[in-house]
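A.B. asks: The structure is given below, and queries will be raised subsequently.
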Amino acid sequence: MSQTHESTPQTPWSNAPETPEELHAWLVEHLSIMVVREPMDPNHNAPFEYLCHAFFEDRQPRDCVVWANRGGGKTFYAAVATLLDLVFKPGIEIRILGGSLEQSKRM
């Protein structure tokens with residue numbers, strides 16, 4: 001008697017990115033987001049550095065401060081980081097605290 005084994009279909013959520021290169025490629029392929037990887041100023045960090053810091057959790061301190069101009073993408077990139085956590089970190093719980101209700105809704 002033979003058994004048939006159905007494999008679980010691969011989805012964009014099946015395998016978490018393991019390197020910054022894989023994360024960047026995943027964002028481009030599945031969310032159509034091209035995140036800037038090079039800082040505009042050598043004394044600053046690019047937005048992709050923030051996403052790597054938040055996603056890979058391998059840097060100390062764990063918390064980080066994002067300081068950018070109005071419209072600089074702070075809320076957008078925080079939403080992307082939150083999505084990545086929800087998708088790839090089973091059991092995680094998320095709470096959104098924004099500077100205003102409108103900002104929280106954009107998350």
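Residue names in the structure tokens use chain letters A, B, ... in the order shown, residue numbers from 1 in each chain, and ligand numbers from 1 in the order shown.
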Considering only C-alpha atoms, return as a list in words whatever protein or nucleic-acid residues lie within 10 Å of stretch 52-68 of chain A, sequence-local ones (same chain, fewer than 2 positions apart) excluded.

C.D. replies: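 Neighbouring residues, sequence-local ones excluded: Pro17, Glu18, Thr19, Pro20, Glu21, Leu23, His24, His44, Asn45, Pro47, Phe48, Glu49, Tyr50, Arg70, Gly71, Gly72, Gly73, Lys74, Thr75, Tyr77, Ala78, Val80, Ala81, Thr82, Leu84, Asp85, Phe88 and Lys89 of chain A.
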
A.B. asks: Which of stretch 4-83 of chain A counts as alpha helix (DSSP H) under DSSP, as an MDAnalysis selection string please?

C.D. replies: chainID A and resid 20:31 47:56 74:83

A.B. asks: For a quick check of understanding, using only C-alpha atoms, which of A:Ala16, A:Leu51, A:Ile94, A:Arg37 has the smallest distance to A:Met107?

C.D. replies: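 Result for the nearest residue to A:Met107: A:Ile94.
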
A.B. asks: May I have the residues within 10 Å of stretch 102-105 of chain A as a list in words, using only C-alpha atoms and disregarding those fewer than 4 positions away in the same chain?

C.D. replies: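 Using only C-alpha atoms, the neighbours found are Thr75, Phe76, Ala79, Ile96, Leu97 and Gly98 of chain A.
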